[in-house]
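Q: Pasting in a structure now, in structure tokens, and then I'll have a few things to ask.
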There are 2 protein chains.
Amino acid sequence: MFDPASLKYDASGLIPAIAQDADSGEVLMMAWMNAESVARTLKTGRVTYWSRSRQAFWVKGESSGHVQELVELRVDCDRDCLLVLVRQTGPACHTNRRSCFYTAVREGAEVEIMEPVE
Amino acid sequence: MFDPASLKYDASGLIPAIAQDADSGEVLMMAWMNAESVARTLKTGRVTYWSRSRQAFWVKGESSGHVQELVELRVDCDRDCLLVLVRQTGPACHTNRRSCFYTAVREGAEVEIMEPVE
């Protein structure tokens, strides 16, 4: 059996979780989970982070409707990072862009490569 | 101009960097960079992390030959996470697997979904 307590958490009890679109492969965002977020994500099928700013569970999309349905949770070789394959409803980013990684560094300058969704 | 000092680093001066295969979209690994690693990565085109265990710069593949050629660096909306698009030579993982995320949680159990490369 998989036990969330078997993962390696940082001094704050958190582990980074990378959300990737299960179909397109696009990396959508990175946020943090604690052991209970991991357990809730697996149990409910709704990706649930730990908000460091609010110090509270963060069921992604709970207020915005931009939920992440869990497709598969993966653990890395060091057990200190998670890859979460998801089906993303709407944009993942709070700026209304599909992904949080919408700024590229090209020839030494920052370029916005993604528009907010209508 | 892009200034690595404009990113948000944690208390140890580090920022997580997600390496993604620029062609396949596969998420290969997650490691950490400091401002100087970011600068070196951009300058040399060789992805350069900061090894927390060795407390030293880590030019990926320097000893193994499994280098990562930088295709594009991207910054997230909060400026506290990087996405590094790379051309990966050989396996990215020290276990000789293509990706570090070779363990999936399926029906409550851990399953290895990737073989080491020959």
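Residues are referred to by chain and number: the chain letter is A, B, ... according to the order shown in the structure tokens, the number counts from 1 in that chain, and ligands are numbered separately from 1 in the order shown.
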How close does chain B get to chain A? List, as CSV, each residue of chain B within 7 Å, its nearest atom pair and the distance in Å to one decimal, counting only C-alpha atoms.

A:
residue,atom,partner,partner_atom,distance
B:Met1,CA,A:Ala109,CA,4.6
B:Phe2,CA,A:Ala109,CA,4.9
B:Gly25,CA,A:Gly25,CA,5.4
B:Glu26,CA,A:Gly25,CA,6.8
B:Glu72,CA,A:Val105,CA,6.9
B:Leu73,CA,A:Val105,CA,5.6
B:Arg74,CA,A:Ala104,CA,4.3
B:Val75,CA,A:Thr103,CA,5.3
B:Asp76,CA,A:Phe101,CA,4.2
B:Cys77,CA,A:Cys100,CA,5.2
B:Leu83,CA,A:Phe101,CA,6.9
B:Cys100,CA,A:Asp76,CA,4.9
B:Phe101,CA,A:Asp76,CA,4.2
B:Tyr102,CA,A:Asp76,CA,6.6
B:Thr103,CA,A:Val75,CA,5.3
B:Ala104,CA,A:Arg74,CA,4.3
B:Val105,CA,A:Leu73,CA,5.6
B:Gly108,CA,A:Phe2,CA,5.5
B:Ala109,CA,A:Met1,CA,4.5
B:Glu110,CA,A:Phe2,CA,5.9

Q: Please extract the residues of stretch 16-111 of chain A with a backbone DSSP assignment of alpha helix (DSSP H) and present them as a list in words.

A: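 Put together, the selection reads Ala35, Glu36, Ser37, Val38, Ala39, Arg40, Thr41, Leu42, Lys43 and Thr44 of chain A.
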
Q: Report as a count of residues only all protein, DNA and RNA residues lying within 12 Å of A:Ala39, evaluated on only C-alpha atoms, omitting residues in the same chain fewer than 5 positions from it.

A: 19

Q: Go through A:Leu70, A:Met114, A:Ala19, A:Leu14 one by one, measure the shortest atom-to-atom distance of each to A:Gln55 using only C-alpha atoms, and give the residue with the smallest value.

A: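 Ranked by minimum distance to A:Gln55, first place goes to A:Leu14.
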
Q: Among the residues of chain A, find those DSSP assigns to strand (DSSP E) from the backbone and print them as a ChimeraX atom specification.

A: /A:15-21,27-33,48-51,56-59,68-75,82-88,103-106,109-112

Q: From the options A:Val67, A:Val117, A:Val38, A:Ala22, which residue's atoms come nearest to A:Thr89, counting only C-alpha atoms?

A: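 Of A:Val67, A:Val117, A:Val38, A:Ala22, the one nearest A:Thr89 is A:Val67, counting only C-alpha atoms.
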
Q: Mind pulling up the distance from atom CA of B:Ala35 to atom CA of A:Ala92?

A: 26.7 Å

Q: Find the distance between atom CA of A:Arg52 and atom CA of A:Gly90 and write it in Å to one decimal.

A: 23.1 Å

Q: May I ask for the distance between atom CA of B:Glu118 and atom CA of B:Leu85, given in Å to one decimal place?

A: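 Distance between the two atoms: 24.4 Å.
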